[in-house]
file upload38.cif (mmCIF, C-alpha atoms)
data_protein
loop_
_atom_site.group_PDB
_atom_site.id
_atom_site.type_symbol
_atom_site.label_atom_id
_atom_site.label_comp_id
_atom_site.auth_asym_id
_atom_site.auth_seq_id
_atom_site.Cartn_x
_atom_site.Cartn_y
_atom_site.Cartn_z
ATOM 1 C CA MET A 120 135.580 60.758 107.314
ATOM 2 C CA ALA A 121 134.452 60.790 103.692
ATOM 3 C CA ALA A 122 132.158 63.703 104.486
ATOM 4 C CA THR A 123 135.061 65.656 105.953
ATOM 5 C CA THR A 124 137.156 65.076 102.856
ATOM 6 C CA LYS A 125 134.341 66.312 100.638
ATOM 7 C CA THR A 126 133.865 69.357 102.821
ATOM 8 C CA LYS A 127 137.581 70.172 102.747
ATOM 9 C CA ALA A 128 137.672 69.716 98.986
ATOM 10 C CA ALA A 129 134.643 71.947 98.575
ATOM 11 C CA GLU A 130 136.274 74.611 100.760
ATOM 12 C CA ARG A 131 139.495 74.460 98.751
ATOM 13 C CA PHE A 132 137.538 74.671 95.531
ATOM 14 C CA ALA A 133 135.591 77.680 96.842
ATOM 15 C CA ASN A 134 138.842 79.386 97.849
ATOM 16 C CA LEU A 135 140.327 78.710 94.421
ATOM 17 C CA GLN A 136 137.255 80.192 92.760
ATOM 18 C CA LYS A 137 137.486 83.313 94.943
ATOM 19 C CA ARG A 138 141.159 83.772 94.055
ATOM 20 C CA ASP A 139 140.404 83.162 90.395
ATOM 21 C CA GLN A 140 137.621 85.731 90.483
ATOM 22 C CA ALA A 141 139.919 88.267 92.179
ATOM 23 C CA VAL A 142 142.604 87.715 89.535
ATOM 24 C CA ARG A 143 140.065 88.117 86.729
ATOM 25 C CA HIS A 144 138.818 91.324 88.334
ATOM 26 C CA ASP A 145 142.387 92.662 88.514
ATOM 27 C CA ILE A 146 143.032 91.756 84.878
ATOM 28 C CA GLU A 147 139.799 93.406 83.729
ATOM 29 C CA SER A 148 140.584 96.496 85.799
ATOM 30 C CA ALA A 149 144.070 96.760 84.287
ATOM 31 C CA ALA A 150 142.655 96.317 80.779
ATOM 32 C CA ARG A 151 140.038 99.011 81.414
ATOM 33 C CA GLN A 152 142.667 101.432 82.724
ATOM 34 C CA ARG A 153 144.909 100.713 79.747
ATOM 35 C CA SER A 154 142.096 101.332 77.256
ATOM 36 C CA GLU A 155 141.139 104.571 79.026
ATOM 37 C CA LYS A 156 144.769 105.715 78.876
ATOM 38 C CA VAL A 157 144.984 104.879 75.184
ATOM 39 C CA ALA A 158 141.740 106.766 74.498
ATOM 40 C CA LYS A 159 143.023 109.810 76.391
ATOM 41 C CA LEU A 160 146.337 109.748 74.541
ATOM 42 C CA ARG A 161 144.527 109.356 71.209
ATOM 43 C CA GLU A 162 142.325 112.340 72.033
ATOM 44 C CA LEU A 163 145.363 114.446 72.934
ATOM 45 C CA ARG A 164 147.189 113.381 69.769
ATOM 46 C CA LEU A 165 144.236 114.208 67.544
ATOM 47 C CA ALA A 166 143.829 117.607 69.214
ATOM 48 C CA LYS A 167 147.527 118.354 68.708
ATOM 49 C CA GLU A 168 147.376 117.256 65.076
ATOM 50 C CA ALA A 169 144.370 119.524 64.472
ATOM 51 C CA GLU A 170 146.170 122.397 66.169
ATOM 52 C CA ASP A 171 149.311 121.787 64.094
ATOM 53 C CA GLU A 172 147.249 121.619 60.902
ATOM 54 C CA GLU A 173 145.569 124.934 61.756
ATOM 55 C CA ALA A 174 148.957 126.539 62.454
ATOM 56 C CA LYS A 175 150.306 125.152 59.180
ATOM 57 C CA LYS A 176 147.363 126.609 57.229
ATOM 58 C CA LYS A 177 147.780 129.966 58.948
ATOM 59 C CA GLU A 178 151.505 129.984 58.203
ATOM 60 C CA ALA A 179 150.873 129.075 54.564
ATOM 61 C CA ALA A 180 148.306 131.872 54.261
ATOM 62 C CA GLU A 181 150.729 134.393 55.753
ATOM 63 C CA LYS A 182 153.503 133.204 53.441
ATOM 64 C CA ALA A 183 151.212 133.441 50.407
ATOM 65 C CA GLU A 184 150.148 136.918 51.488
ATOM 66 C CA LYS A 185 153.772 138.063 51.692
ATOM 67 C CA GLN A 186 154.612 136.553 48.324
ATOM 68 C CA ALA A 187 151.552 137.969 46.543
ATOM 69 C CA PRO A 188 152.574 140.588 43.987
ATOM 70 C CA LYS A 189 151.776 144.066 45.132
ATOM 71 C CA LYS A 190 149.587 146.155 42.925
ATOM 72 C CA ALA A 191 151.383 148.814 40.973
ATOM 73 C CA ARG A 192 150.549 152.291 42.083
ATOM 74 C CA VAL A 193 148.686 154.165 39.416
ATOM 75 C CA ARG A 194 149.419 157.816 39.201
ATOM 76 C CA THR A 195 146.429 160.022 38.816
ATOM 77 C CA ALA A 196 146.357 163.253 36.900
ATOM 78 C CA SER A 197 146.431 165.350 40.052
ATOM 79 C CA ALA A 198 149.381 163.408 41.398
ATOM 80 C CA THR A 199 151.382 163.949 38.202
ATOM 81 C CA ALA A 200 150.538 167.659 38.175
ATOM 82 C CA ASP A 201 151.728 168.038 41.747
ATOM 83 C CA ALA A 202 154.948 166.230 40.978
ATOM 84 C CA ASP A 203 155.829 168.537 38.062
#
call {"tool": "encode", "arguments": {"input": "upload38.cif", "output": "structure tokens"}}
result
Amino acid sequence: MAATTKTKAAERFANLQKRDQAVRHDIESAARQRSEKVAKLRELRLAKEAEDEEAKKKEAAEKAEKQAPKKARVRTASATADAD
């Protein structure tokens, strides 16, 4: 009878270890998926920020180009003779 009790206890312990291992596997899997999701979102955010920065620089360059003073037109001698 003592041998049967030990065997039953060993079986229960083995079952508990299997369940524990399955739970650990699930936790690790969830953590891995979460970290992959975070990495993907970080990559997308950084790409968007770079794109926004490029658009901002382009917009600033266009604005500066519009605001740049235009060169005064210099009249040449032939142009003044034609005008008179």
call {"tool": "atom_distance", "arguments": {"input": "upload38.cif", "atom1": "CA of Ala169 in chain A", "atom2": "CA of Ala150 in chain A"}}
result
28.4 Å
call {"tool": "atom_distance", "arguments": {"input": "upload38.cif", "atom1": "CA of His144 in chain A", "atom2": "CA of Ala158 in chain A"}}
result
20.9 Å
call {"tool": "atom_distance", "arguments": {"input": "upload38.cif", "atom1": "CA of Glu168 in chain A", "atom2": "CA of Glu155 in chain A"}}
result
19.9 Å
